[in-house]
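One structure is given below, encoded as structure tokens.
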Amino acid sequence: MTTALYSHPDCDDHVTPPGHPEQVARLAAMREALSAPEFDPLDRRDAPLATEAHLRLAHPLVHVDRVRDAEPKEGFAQMDADTAMAPGSYNAALRGVGANIAAVDAVLGGEVRNAFVTCRPPGHHAEKAKPMGFCLFSNVAIAALHALETHGLDRVAILDFDVHHGNGTQDVLWNESRVRFASSHEMPLYPGTGRADERGAFEQIRNAALPPRSGSAKMREAWGEYILPWITEWEPQLILVSAGFDAHGDDPLATLSWSTEDFGWVTGKLLDVAERVCEGRVVSTLEGGYDLQALGQSAALHTKILMERGS
């Protein structure tokens, strides 16, 4: 088996206003980083379009309709202060959700060992009925619910190492006992959620808030001693990853000051857990990361380790 890489040209159609950090150039940086010969063995796949039924696993119809109907014929439509849509944004968002669905199907079907979804817009800030934080739909939460409802799993874990708390994932899954959600994130920082006492209706949520400029040591302590043992003892049947690379020291939107090697460390550790409890079944999805060079380098290392474990 190998590692599947999901992407689609439609994701470049999600154009954001000038100066916006969540820009088309992010995917160009990813493509360049993953064009090196060492990535030739990747199983590169086009992201399919999600269906309305997929979206409604996490979102009420009124939210789906609002996002679809907001797409402008030209220019931009502001969904909130940070989140804009352009012509083509809706299809781009459908590709992101569809890629997550397809990746879960491929991993659970035994076609590949693991997968990395490199689509945009990201998803972990989109709440049940509220687009926000550059996100329109809750991609990874939908993937988890699909694994539960379609594949009959009863234990799925979501691990989020984006520098911002995944408030949308938490909101969608607050009352879902079959999913454990764990996040490390900078605090104080947007969106302001992610306190340790936010534990979910079934004590199935674990938040590790990290102070600004805390660097590698605090991150490795949080994951190695607080998050991953809690996930391991639950023995999930599938692990999903919200892979944000904006905790990097060069990122302009935050100050956790992680190194590129820190992303390699956390990737390796979560794959160790996956190999121990769920035969290495992992689907990772791009979230943040806004310094283009740091994004490319960190995502390339993340992919390289996925490939080493997927072979």
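Ordering of the structure tokens sets the chain letters (A, B, ...); residue numbers start at 1 within each chain; ligands are numbered from 1 in the order shown.
Residue-level DSSP output for stretch 182-215 of chain A, from the backbone, shows strand (DSSP E) at A:Ala182, A:Ser183, A:Ser184, A:His185, A:Glu186, A:Ile205, A:Arg206, A:Asn207, A:Ala208, A:Ala209, A:Leu210.
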Go ahead and write the selection's residues with C-alpha atoms as a PDB file, in the first residue's frame.
ATOM      1  CA  ALA A 182      -8.047  16.673  20.716  1.00  0.00           C
ATOM      2  CA  SER A 183      -6.428  19.995  19.876  1.00  0.00           C
ATOM      3  CA  SER A 184      -3.282  21.891  20.739  1.00  0.00           C
ATOM      4  CA  HIS A 185      -3.393  25.607  19.981  1.00  0.00           C
ATOM      5  CA  GLU A 186      -2.053  28.988  21.030  1.00  0.00           C
ATOM      6  CA  ILE A 205     -12.883  16.554  23.947  1.00  0.00           C
ATOM      7  CA  ARG A 206      -9.402  17.447  25.164  1.00  0.00           C
ATOM      8  CA  ASN A 207      -7.885  20.889  24.635  1.00  0.00           C
ATOM      9  CA  ALA A 208      -4.248  21.772  25.259  1.00  0.00           C
ATOM     10  CA  ALA A 209      -3.879  25.556  25.242  1.00  0.00           C
ATOM     11  CA  LEU A 210      -0.250  26.606  24.745  1.00  0.00           C
TER      12      LEU A 210
END
How would you write, as an MDAnalysis selection string, the set of residues in stretch 49-175 of chain A that DSSP gives as helix (DSSP H, G or I)?
chainID A and resid 52:55 61:70 89:108 139:151 167:173
Keeping only C-alpha atoms, write the selected residues to a file as an mmCIF file, in the first residue's frame.
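Wrote result-v5.cif, looks like this:
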data_model
loop_
_atom_site.group_PDB
_atom_site.id
_atom_site.type_symbol
_atom_site.label_atom_id
_atom_site.label_comp_id
_atom_site.auth_asym_id
_atom_site.auth_seq_id
_atom_site.Cartn_x
_atom_site.Cartn_y
_atom_site.Cartn_z
ATOM 1 C CA GLU A 52 -25.565 17.693 -0.202
ATOM 2 C CA ALA A 53 -26.083 14.555 1.887
ATOM 3 C CA HIS A 54 -22.414 14.648 2.877
ATOM 4 C CA LEU A 55 -22.672 18.296 3.957
ATOM 5 C CA LEU A 61 -29.846 22.606 5.291
ATOM 6 C CA VAL A 62 -30.158 26.327 6.039
ATOM 7 C CA HIS A 63 -26.372 26.557 6.361
ATOM 8 C CA VAL A 64 -25.761 24.637 3.143
ATOM 9 C CA ASP A 65 -28.247 26.831 1.278
ATOM 10 C CA ARG A 66 -26.760 30.010 2.721
ATOM 11 C CA VAL A 67 -23.238 29.146 1.577
ATOM 12 C CA ARG A 68 -24.327 27.984 -1.878
ATOM 13 C CA ASP A 69 -26.544 31.021 -2.464
ATOM 14 C CA ALA A 70 -23.922 33.485 -1.215
ATOM 15 C CA SER A 89 -15.635 29.015 -3.967
ATOM 16 C CA TYR A 90 -18.611 26.697 -3.453
ATOM 17 C CA ASN A 91 -17.231 24.006 -5.767
ATOM 18 C CA ALA A 92 -13.813 24.366 -4.133
ATOM 19 C CA ALA A 93 -15.416 23.749 -0.746
ATOM 20 C CA LEU A 94 -17.265 20.722 -2.148
ATOM 21 C CA ARG A 95 -13.922 19.332 -3.367
ATOM 22 C CA GLY A 96 -12.457 19.660 0.124
ATOM 23 C CA VAL A 97 -15.329 17.768 1.716
ATOM 24 C CA GLY A 98 -15.438 15.252 -1.132
ATOM 25 C CA ALA A 99 -11.714 14.567 -0.828
ATOM 26 C CA ASN A 100 -12.114 13.798 2.851
ATOM 27 C CA ILE A 101 -14.978 11.415 2.116
ATOM 28 C CA ALA A 102 -13.000 9.685 -0.640
ATOM 29 C CA ALA A 103 -9.873 9.464 1.520
ATOM 30 C CA VAL A 104 -11.795 7.830 4.364
ATOM 31 C CA ASP A 105 -13.295 5.349 1.883
ATOM 32 C CA ALA A 106 -9.882 4.550 0.388
ATOM 33 C CA VAL A 107 -8.163 4.069 3.743
ATOM 34 C CA LEU A 108 -10.938 2.018 5.306
ATOM 35 C CA ASN A 139 -14.394 19.039 6.427
ATOM 36 C CA VAL A 140 -12.832 16.774 9.042
ATOM 37 C CA ALA A 141 -15.926 16.525 11.234
ATOM 38 C CA ILE A 142 -17.893 15.452 8.157
ATOM 39 C CA ALA A 143 -15.247 12.814 7.418
ATOM 40 C CA ALA A 144 -15.576 11.458 10.955
ATOM 41 C CA LEU A 145 -19.364 11.300 10.757
ATOM 42 C CA HIS A 146 -19.128 9.590 7.361
ATOM 43 C CA ALA A 147 -16.822 6.942 8.841
ATOM 44 C CA LEU A 148 -19.331 6.338 11.624
ATOM 45 C CA GLU A 149 -22.500 6.302 9.543
ATOM 46 C CA THR A 150 -21.277 4.656 6.322
ATOM 47 C CA HIS A 151 -18.518 2.346 7.528
ATOM 48 C CA ASN A 167 -13.860 25.525 17.268
ATOM 49 C CA GLY A 168 -15.947 24.319 14.320
ATOM 50 C CA THR A 169 -14.940 20.687 14.731
ATOM 51 C CA GLN A 170 -15.656 20.966 18.441
ATOM 52 C CA ASP A 171 -19.043 22.597 17.838
ATOM 53 C CA VAL A 172 -20.179 19.967 15.318
ATOM 54 C CA LEU A 173 -19.057 17.056 17.500
#
Could you list, as an MDAnalysis selection string, every residue within 8 Å of stretch 211-224 of chain A, counting only C-alpha atoms and ignoring same-chain residues fewer than 3 positions away?
chainID A and resid 184 186:188 208 227:229 254:259 262 266 269
Show me, as a list in words, the residues that have an atom within 12 Å of A:Asp40 when counting only C-alpha atoms, minus same-chain residues fewer than 5 positions from it.
Thr2, Thr3, Ala4, Leu5, Ala33, Leu34, Ser35, Thr303, Lys304 and Met307 of chain A
Applying 8 Å and only C-alpha atoms, which residues near A:Gly289 remain after dropping the ones on its own chain fewer than 4 positions away? List them as a ChimeraX atom specification.
/A:26,244-248,251,294-295
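For the choices A:Arg113, A:Phe134, A:Pro37, A:Ala58, the atom-to-atom distance to A:Ala81 is smallest for A:Phe134 when using only C-alpha atoms.
Take the candidates A:Gly264, A:Pro9, A:Gly280, A:Gly109 and check each one against A:Ala47 using only C-alpha atoms; the shortest distance goes to A:Pro9.
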